[in-house]
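Since the structure comes first, as structure tokens, the remarks are kept for the end.
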Number of protein chains: 2
Amino acid sequence: MNFKGKRQPVTIPRAAKTLRRTRIQEEKEEQILEAALDVFSASGFRGSTIDQIAEVAGMSKPNLLYYFRTKEAMHRALIDRVLYTWLEPLRAFDAEGNPETEIRSYIRRKLEMARDFPRESRLFANEVLQGAPHIEDELKGPLKELVDEKAEVIRAWAKSGKIVKCDPYHLIFSIWSTTQHYADFDVQVRAVLGQEHSGEGRFEDAARFLEQLFIGGLRPDPLGG
Amino acid sequence: MNFKGKRQPVTIPRAAKTLRRTRIQEEKEEQILEAALDVFSASGFRGSTIDQIAEVAGMSKPNLLYYFRTKEAMHRALIDRVLYTWLEPLRAFDAEGNPETEIRSYIRRKLEMARDFPRESRLFANEVLQGAPHIEDELKGPLKELVDEKAEVIRAWAKSGKIVKCDPYHLIFSIWSTTQHYADFDVQVRAVLGQEHSGEGRFEDAARFLEQLFIGGLRPDPLGG
DNA sequence: TGTAATGTTTACCAATCGGTCAAATTATCC
DNA sequence: GGATAATTTGACCGATTGGTAAACATTACA
């Protein structure tokens with residue numbers, strides 16, 4: 001039952017003999033992924049080293065590799081764990097709701113995520129920026145499908161005159177980019193705003209501005225055009 | 001006059017003896033920076049290797065290091081060369097012009113740059129995303145000053161009722177993020193749009209949407225509030 | 001055309017990279 | 001408490017990293 005003569009942790013898929021996960025396994029994998037999030041989000045996949053992650057996680061390198069057999073496996077596990085949560089706000093986008101409040105609260109939620117989970121945002125930003133070599137399937141599959149679905153909702157709103165006629169995909173892109181900007185380009189935002197305006201209040205300012213921009217920009221044309 | 005006993009190329013600042021740059025120096029430095037842009041923009045600083053750059057540039061590693069003594073020096077030279085051009089659109093932002101046309105053409109210009117110089121966009125995105133360890137000074141200095149200046153223009157427009165009252169800094173951030181998104185997150189945009197809509201026409205679609213969004217979102221409140 | 005300055009390459013270095021191994025340690029369960 | 005399985009570690013491996021030394025080739029210029 002052993003693989004290549006070496007015992008493997010329960011994370012690795014294998015025969016049904018040891019399905020139960022140890023308490024230690026839960027804890028350590030948690031610890032490792034937490035450290036991996038720190039490192040990968042700060043340096044990207046190629047720029048990160050197992051040693052860095054090991055140090056942040058407070059354990060030896062071979063110990064990491066006992067739980068995740070390769071650097072890629074760690075990255076993969078991290079992506080898998082984070083992706084679902086990351087798409088939650090878009091999934092919550094409700095077709096039945098009022099367009100204005102739906103868009104408003106989508107912006108709010110995305111902005112809150114940029115504030116509360118900047119590492120997750122940067123993890124994906126790094127990945128996509130460098131050509132998404134590890135998440136191409138997720139982008140073309142689940143992500144595209146979700147966006148297609150929500151785009152249809154937006155298109156219907158536009159058609160019925162509840163919002164202005166516009167390209168729903170580019171609308172979604174613009175909400176993604178403006179909100180995630182505050183996580184991904186945080187140091188730039190801070191540098192430009194200076195000490196006085198780069199405190200926590202900047203998220204309130206950003207929310208106010210973005211809501212104003214999108215609500216105003218999407219308000220249906222009074223001429224009915 | 002030699003440094004550490006080894007001859008140095010004219011790129012390295014030194015005594016005034018050889019101020020002239022050879023034709024070969026011009027060409028090779030050009031070649032190297034072109035290759036460096038390819039590699040750094042695709043993998044970030046840490047994730048890039050001198051060997052990669054050497055291969056793309058079509059020359060040997062020691063030959064690269066003859067022109068730029070370290071990896072950092074190459075990166076620095078590249079940033080210096082590209083930064084000025086990159087800020088050109090914002091610099092062209094004219095206080096005397098009409099707000100609507102100024103904003104419209106700023107968006108156009110930024111979008112054109114995202115289309116025509118995606119590597120430059122990703123170079124900075126990578127750098128900022130990873131904490132801007134090499135360009136912190138540029139962000140806090142020249143960039144901040146330029147943005148401060150243009151923010152004042154926008155604030156004046158808002159005050160005089162030419163556009164809606166809004167935070168000029170967040171307005172600038174939102175134009176940056178929405179336009180650069182098409183360069184930095186290109187693979188994601190393509191993945192979501194699918195084959196049929198991810199051709200060159202997507203920049204026209206993006207321009208149309210963004211102009212609609214910003215012009216509509218910034219139109220002064222008819223109630224005069 | 002000779003020669004000094006400039007440019008290029010091969011061979012190499014120490015450090016770090018991702019990853020392995022076997023031995024030692026700890027937890028689990030009868 | 002002892003056997004057994006799970007966990008942890010130090011020592012190590014070959015490959016790659018950024019960078020160097022010095023010999024060799026080419027260019028510019030008198």
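Chains: A, B, ... in order of the structure tokens. Residues: from 1 per chain. Ligands: from 1, in order shown.
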
Per residue of chain A within 8 Å of chain D, record the nearest atom pair and its distance in Å to one decimal, counting only C-alpha atoms (C1' of nucleotides), with rows in chain order and ascending residue number, as a Markdown table.
```
| residue | atom | partner | partner_atom | distance |
| --- | --- | --- | --- | --- |
| A:Ser60 | CA | D:DT9 | C1' | 7.3 |
| A:Pro62 | CA | D:DT9 | C1' | 7.6 |
| A:Asn63 | CA | D:DT8 | C1' | 6.3 |
```

Each residue of chain B lying at most 6 Å from chain A should get a row with its shortest atom-to-atom pair and the distance in Å to one decimal, counting only C-alpha atoms; could you produce that, ordered by chain and increasing number, as CSV?
```
residue,atom,partner,partner_atom,distance
B:Ala42,CA,A:Gln130,CA,5.2
B:Ser43,CA,A:Gln130,CA,5.8
B:Arg46,CA,A:Gly47,CA,4.7
B:Gly47,CA,A:Gly47,CA,4.1
B:Val128,CA,A:Phe185,CA,5.8
B:Leu129,CA,A:Asp184,CA,5.4
B:Gln130,CA,A:Ala42,CA,5.2
B:Leu139,CA,A:Ala191,CA,5.9
B:Lys140,CA,A:Ala191,CA,4.9
B:Lys144,CA,A:Val192,CA,4.6
B:Ser174,CA,A:Thr178,CA,5.2
B:Ser177,CA,A:Ser177,CA,5.4
B:Thr178,CA,A:Ser174,CA,5.2
B:Asp184,CA,A:Leu129,CA,5.4
B:Phe185,CA,A:Leu129,CA,5.6
B:Ala191,CA,A:Lys140,CA,5.0
B:Val192,CA,A:Lys144,CA,4.6
B:Leu213,CA,A:Gly217,CA,4.4
B:Gly216,CA,A:Gly217,CA,4.2
B:Gly217,CA,A:Gly217,CA,3.7
```

Keeping only N, CA and C atoms, write those residues as a PDB file, in the first residue's frame.
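Printed below is out_28.pdb as written:
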```pdb
ATOM      1  N   ALA B  42       6.786  38.886 -17.405  1.00  0.00           N
ATOM      2  CA  ALA B  42       6.078  37.602 -17.384  1.00  0.00           C
ATOM      3  C   ALA B  42       6.246  36.850 -16.073  1.00  0.00           C
ATOM      4  N   SER B  43       7.307  37.132 -15.331  1.00  0.00           N
ATOM      5  CA  SER B  43       7.583  36.336 -14.124  1.00  0.00           C
ATOM      6  C   SER B  43       7.885  37.158 -12.884  1.00  0.00           C
ATOM      7  N   ARG B  46      11.712  38.373  -8.846  1.00  0.00           N
ATOM      8  CA  ARG B  46      12.220  37.170  -8.197  1.00  0.00           C
ATOM      9  C   ARG B  46      12.093  35.934  -9.079  1.00  0.00           C
ATOM     10  N   GLY B  47      11.006  35.888  -9.825  1.00  0.00           N
ATOM     11  CA  GLY B  47      10.761  34.701 -10.634  1.00  0.00           C
ATOM     12  C   GLY B  47      11.538  34.652 -11.940  1.00  0.00           C
ATOM     13  N   VAL B 128       4.471  46.261  -8.312  1.00  0.00           N
ATOM     14  CA  VAL B 128       3.617  46.822  -7.268  1.00  0.00           C
ATOM     15  C   VAL B 128       2.952  45.708  -6.459  1.00  0.00           C
ATOM     16  N   LEU B 129       2.496  44.690  -7.181  1.00  0.00           N
ATOM     17  CA  LEU B 129       1.816  43.574  -6.539  1.00  0.00           C
ATOM     18  C   LEU B 129       2.696  42.912  -5.486  1.00  0.00           C
ATOM     19  N   GLN B 130       3.980  42.873  -5.769  1.00  0.00           N
ATOM     20  CA  GLN B 130       4.888  42.205  -4.843  1.00  0.00           C
ATOM     21  C   GLN B 130       5.524  43.187  -3.876  1.00  0.00           C
ATOM     22  N   LEU B 139       7.158  55.806  -6.619  1.00  0.00           N
ATOM     23  CA  LEU B 139       5.734  55.920  -6.293  1.00  0.00           C
ATOM     24  C   LEU B 139       5.482  57.089  -5.354  1.00  0.00           C
ATOM     25  N   LYS B 140       6.302  57.167  -4.316  1.00  0.00           N
ATOM     26  CA  LYS B 140       6.094  58.209  -3.315  1.00  0.00           C
ATOM     27  C   LYS B 140       6.552  59.576  -3.789  1.00  0.00           C
ATOM     28  N   LYS B 144       3.378  60.301  -7.053  1.00  0.00           N
ATOM     29  CA  LYS B 144       2.472  61.017  -6.138  1.00  0.00           C
ATOM     30  C   LYS B 144       2.321  62.491  -6.523  1.00  0.00           C
ATOM     31  N   SER B 174      -9.561  54.360 -10.369  1.00  0.00           N
ATOM     32  CA  SER B 174     -10.523  53.529 -11.098  1.00  0.00           C
ATOM     33  C   SER B 174     -10.248  53.535 -12.598  1.00  0.00           C
ATOM     34  N   SER B 177      -7.154  51.196 -12.953  1.00  0.00           N
ATOM     35  CA  SER B 177      -7.425  49.769 -12.763  1.00  0.00           C
ATOM     36  C   SER B 177      -8.260  49.185 -13.891  1.00  0.00           C
ATOM     37  N   THR B 178      -9.297  49.913 -14.319  1.00  0.00           N
ATOM     38  CA  THR B 178     -10.158  49.358 -15.365  1.00  0.00           C
ATOM     39  C   THR B 178      -9.412  49.213 -16.689  1.00  0.00           C
ATOM     40  N   ASP B 184      -3.062  43.476 -17.756  1.00  0.00           N
ATOM     41  CA  ASP B 184      -2.565  42.655 -16.647  1.00  0.00           C
ATOM     42  C   ASP B 184      -3.315  41.329 -16.516  1.00  0.00           C
ATOM     43  N   PHE B 185      -4.616  41.365 -16.746  1.00  0.00           N
ATOM     44  CA  PHE B 185      -5.427  40.165 -16.559  1.00  0.00           C
ATOM     45  C   PHE B 185      -5.899  39.617 -17.902  1.00  0.00           C
ATOM     46  N   ALA B 191     -10.230  34.219 -21.265  1.00  0.00           N
ATOM     47  CA  ALA B 191     -10.876  32.986 -20.830  1.00  0.00           C
ATOM     48  C   ALA B 191     -12.376  33.211 -20.630  1.00  0.00           C
ATOM     49  N   VAL B 192     -12.725  34.335 -20.010  1.00  0.00           N
ATOM     50  CA  VAL B 192     -14.126  34.597 -19.712  1.00  0.00           C
ATOM     51  C   VAL B 192     -14.915  34.966 -20.976  1.00  0.00           C
ATOM     52  N   LEU B 213     -19.465  54.423 -18.924  1.00  0.00           N
ATOM     53  CA  LEU B 213     -19.493  54.359 -17.456  1.00  0.00           C
ATOM     54  C   LEU B 213     -18.989  55.647 -16.820  1.00  0.00           C
ATOM     55  N   GLY B 216     -21.050  58.872 -17.914  1.00  0.00           N
ATOM     56  CA  GLY B 216     -22.332  58.836 -17.221  1.00  0.00           C
ATOM     57  C   GLY B 216     -22.161  59.015 -15.716  1.00  0.00           C
ATOM     58  N   GLY B 217     -21.190  58.336 -15.156  1.00  0.00           N
ATOM     59  CA  GLY B 217     -21.000  58.363 -13.704  1.00  0.00           C
ATOM     60  C   GLY B 217     -20.502  59.684 -13.173  1.00  0.00           C
TER      61      GLY B 217
END
```

| message | Show me, as a list in words, the residues that have an atom within 10 Å of Leu65 in chain A when counting only C-alpha atoms (C1' of nucleotides), minus same-chain residues fewer than 4 positions from it. | response |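 Once the adjacent positions are removed, what remains is Gln8, Pro9, Ile50, Ala54, Ser60, Lys61, Arg69, Thr70, Lys71, Ala73 and Met74 of chain A; DG19 of chain C.
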
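Chain copies chain A and chain B align, over all their C-alpha atoms in order, to a least-squares RMSD of 0.1 Å.
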
Residues of chain C at most 12 Å from chain A: nearest atom pair and distance in Å, only C-alpha atoms (C1' of nucleotides), as JSON lines:
```
{"residue": "C:DT16", "atom": "C1'", "partner": "A:Thr49", "partner_atom": "CA", "distance": 9.8}
{"residue": "C:DC17", "atom": "C1'", "partner": "A:Thr49", "partner_atom": "CA", "distance": 7.7}
{"residue": "C:DG18", "atom": "C1'", "partner": "A:Ile50", "partner_atom": "CA", "distance": 7.6}
{"residue": "C:DG19", "atom": "C1'", "partner": "A:Thr70", "partner_atom": "CA", "distance": 7.8}
{"residue": "C:DT20", "atom": "C1'", "partner": "A:Pro62", "partner_atom": "CA", "distance": 8.9}
{"residue": "C:DC21", "atom": "C1'", "partner": "A:Lys6", "partner_atom": "CA", "distance": 9.4}
{"residue": "C:DA22", "atom": "C1'", "partner": "A:Lys6", "partner_atom": "CA", "distance": 10.6}
{"residue": "C:DT26", "atom": "C1'", "partner": "A:Ile24", "partner_atom": "CA", "distance": 11.4}
{"residue": "C:DA27", "atom": "C1'", "partner": "A:Ile24", "partner_atom": "CA", "distance": 9.5}
{"residue": "C:DT28", "atom": "C1'", "partner": "A:Thr22", "partner_atom": "CA", "distance": 10.3}
```

| said: Could you tell me how far CA of Ala92 in chain A sits from CA of Leu33 in chain A, in Å to one decimal place? | reply: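 Distance between the two atoms: 26.2 Å.
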
Would you kindly return, as a PDB file with N, CA and C atoms, in the first residue's frame, each protein, DNA or RNA residue with an atom no farther than 10 Å from any atom of Glu112 in chain A, considering only C-alpha atoms (C1' of nucleotides) and excluding same-chain residues fewer than 2 positions away?
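Result file selection.pdb:
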```pdb
ATOM      1  N   TYR A 106     -22.786  44.250  -4.484  1.00  0.00           N
ATOM      2  CA  TYR A 106     -21.681  43.489  -5.067  1.00  0.00           C
ATOM      3  C   TYR A 106     -20.372  44.263  -4.912  1.00  0.00           C
ATOM      4  N   ILE A 107     -20.440  45.551  -5.217  1.00  0.00           N
ATOM      5  CA  ILE A 107     -19.256  46.401  -5.045  1.00  0.00           C
ATOM      6  C   ILE A 107     -18.792  46.391  -3.590  1.00  0.00           C
ATOM      7  N   ARG A 108     -19.747  46.546  -2.680  1.00  0.00           N
ATOM      8  CA  ARG A 108     -19.424  46.536  -1.244  1.00  0.00           C
ATOM      9  C   ARG A 108     -18.705  45.251  -0.849  1.00  0.00           C
ATOM     10  N   ARG A 109     -19.320  44.146  -1.267  1.00  0.00           N
ATOM     11  CA  ARG A 109     -18.768  42.846  -0.885  1.00  0.00           C
ATOM     12  C   ARG A 109     -17.363  42.650  -1.437  1.00  0.00           C
ATOM     13  N   LYS A 110     -17.180  43.008  -2.721  1.00  0.00           N
ATOM     14  CA  LYS A 110     -15.866  42.859  -3.332  1.00  0.00           C
ATOM     15  C   LYS A 110     -14.829  43.749  -2.641  1.00  0.00           C
ATOM     16  N   ALA A 114     -11.434  42.719  -0.645  1.00  0.00           N
ATOM     17  CA  ALA A 114     -10.118  43.304  -0.911  1.00  0.00           C
ATOM     18  C   ALA A 114      -9.484  43.798   0.384  1.00  0.00           C
ATOM     19  N   ARG A 115     -10.336  44.290   1.286  1.00  0.00           N
ATOM     20  CA  ARG A 115      -9.826  44.796   2.556  1.00  0.00           C
ATOM     21  C   ARG A 115      -9.470  43.667   3.513  1.00  0.00           C
ATOM     22  N   ASP A 116     -10.331  42.664   3.572  1.00  0.00           N
ATOM     23  CA  ASP A 116     -10.152  41.615   4.573  1.00  0.00           C
ATOM     24  C   ASP A 116      -9.312  40.431   4.100  1.00  0.00           C
ATOM     25  N   PHE A 117      -9.243  40.233   2.791  1.00  0.00           N
ATOM     26  CA  PHE A 117      -8.465  39.104   2.269  1.00  0.00           C
ATOM     27  C   PHE A 117      -7.537  39.529   1.128  1.00  0.00           C
ATOM     28  N   PRO A 118      -6.669  40.480   1.431  1.00  0.00           N
ATOM     29  CA  PRO A 118      -5.797  40.968   0.358  1.00  0.00           C
ATOM     30  C   PRO A 118      -4.841  39.902  -0.166  1.00  0.00           C
ATOM     31  N   THR A 179     -12.277  47.196  -7.617  1.00  0.00           N
ATOM     32  CA  THR A 179     -12.287  46.792  -6.213  1.00  0.00           C
ATOM     33  C   THR A 179     -10.998  46.070  -5.822  1.00  0.00           C
ATOM     34  N   GLN A 180     -10.580  45.136  -6.655  1.00  0.00           N
ATOM     35  CA  GLN A 180      -9.371  44.380  -6.322  1.00  0.00           C
ATOM     36  C   GLN A 180      -8.129  45.246  -6.365  1.00  0.00           C
ATOM     37  N   ALA A 183      -6.537  45.898  -3.104  1.00  0.00           N
ATOM     38  CA  ALA A 183      -5.724  44.842  -2.501  1.00  0.00           C
ATOM     39  C   ALA A 183      -4.424  44.665  -3.279  1.00  0.00           C
ATOM     40  N   PHE A 203     -11.064  52.813   2.522  1.00  0.00           N
ATOM     41  CA  PHE A 203     -12.025  51.867   1.960  1.00  0.00           C
ATOM     42  C   PHE A 203     -13.418  52.474   1.927  1.00  0.00           C
ATOM     43  N   GLU A 204     -13.727  53.281   2.915  1.00  0.00           N
ATOM     44  CA  GLU A 204     -15.014  53.978   2.896  1.00  0.00           C
ATOM     45  C   GLU A 204     -15.066  54.973   1.742  1.00  0.00           C
ATOM     46  N   ALA A 207     -15.459  53.052  -1.450  1.00  0.00           N
ATOM     47  CA  ALA A 207     -16.824  52.537  -1.599  1.00  0.00           C
ATOM     48  C   ALA A 207     -17.763  53.640  -2.053  1.00  0.00           C
TER      49      ALA A 207
END
```

| field | Pairwise distance for CA of Arg104 in chain B and CA of Ile172 in chain B, rounded to one decimal in Å | value |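 Going from CA of Arg104 in chain B over to CA of Ile172 in chain B, I get 12.6 Å.
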
| task | Enumerate, as number ranges by chain, the complete set of residues in range 101-182 of chain B that a backbone-based DSSP assignment places in helix (DSSP H, G or I). | result | B: 101-116, 118-129, 136-159, 168-182

| task | Give me, please, the distance in Å between CA of Glu102 in chain A and CA of Ala151 in chain A, quoted to one decimal. | result |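 The value is 13.2 Å.
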
| field | Contact residues around Val56 in chain A with only C-alpha atoms (C1' of nucleotides) at 10 Å, ignoring same-chain residues under 3 positions, as a list in words | value |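 Once the adjacent positions are removed, what remains is Gln31, Ile32, Glu34, Ala35, Ala36, Asp38, Val39, Ile50, Asp51, Gln52, Ile53 and Met59 of chain A.
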
So that I have them on file, write out the residues from the current selection with N, CA, C and O atoms, as a short mmCIF file (atom, residue, chain, number, x, y, z; two decimals), in the first residue's frame.
```cif
data_model
loop_
_atom_site.label_atom_id
_atom_site.label_comp_id
_atom_site.auth_asym_id
_atom_site.auth_seq_id
_atom_site.Cartn_x
_atom_site.Cartn_y
_atom_site.Cartn_z
N GLN A 31 -1.79 24.97 8.88
CA GLN A 31 -0.60 25.79 9.13
C GLN A 31 0.18 26.05 7.85
O GLN A 31 0.60 27.18 7.56
N ILE A 32 0.39 24.99 7.09
CA ILE A 32 1.18 25.09 5.87
C ILE A 32 0.49 25.98 4.84
O ILE A 32 1.11 26.87 4.26
N GLU A 34 -1.69 28.26 5.31
CA GLU A 34 -1.66 29.63 5.79
C GLU A 34 -0.32 30.29 5.44
O GLU A 34 -0.28 31.40 4.91
N ALA A 35 0.75 29.58 5.70
CA ALA A 35 2.08 30.11 5.37
C ALA A 35 2.25 30.23 3.87
O ALA A 35 2.82 31.22 3.37
N ALA A 36 1.75 29.23 3.14
CA ALA A 36 1.86 29.25 1.69
C ALA A 36 1.13 30.46 1.11
O ALA A 36 1.60 31.08 0.14
N ASP A 38 0.70 33.32 2.56
CA ASP A 38 1.60 34.45 2.82
C ASP A 38 2.65 34.58 1.73
O ASP A 38 2.83 35.65 1.14
N VAL A 39 3.32 33.49 1.46
CA VAL A 39 4.48 33.53 0.57
C VAL A 39 4.09 33.63 -0.90
O VAL A 39 4.59 34.48 -1.63
N ILE A 50 10.14 26.81 -1.19
CA ILE A 50 9.63 25.95 -0.14
C ILE A 50 10.25 26.32 1.20
O ILE A 50 9.60 26.26 2.23
N ASP A 51 11.51 26.70 1.17
CA ASP A 51 12.18 27.09 2.41
C ASP A 51 11.49 28.28 3.08
O ASP A 51 11.31 28.31 4.29
N GLN A 52 11.11 29.26 2.26
CA GLN A 52 10.39 30.42 2.81
C GLN A 52 9.11 29.97 3.51
O GLN A 52 8.84 30.38 4.64
N ILE A 53 8.35 29.14 2.81
CA ILE A 53 7.09 28.68 3.37
C ILE A 53 7.33 27.90 4.65
O ILE A 53 6.62 28.07 5.64
N MET A 59 8.14 25.08 10.48
CA MET A 59 8.53 23.66 10.49
C MET A 59 9.59 23.40 9.44
O MET A 59 9.90 24.27 8.62
#
```
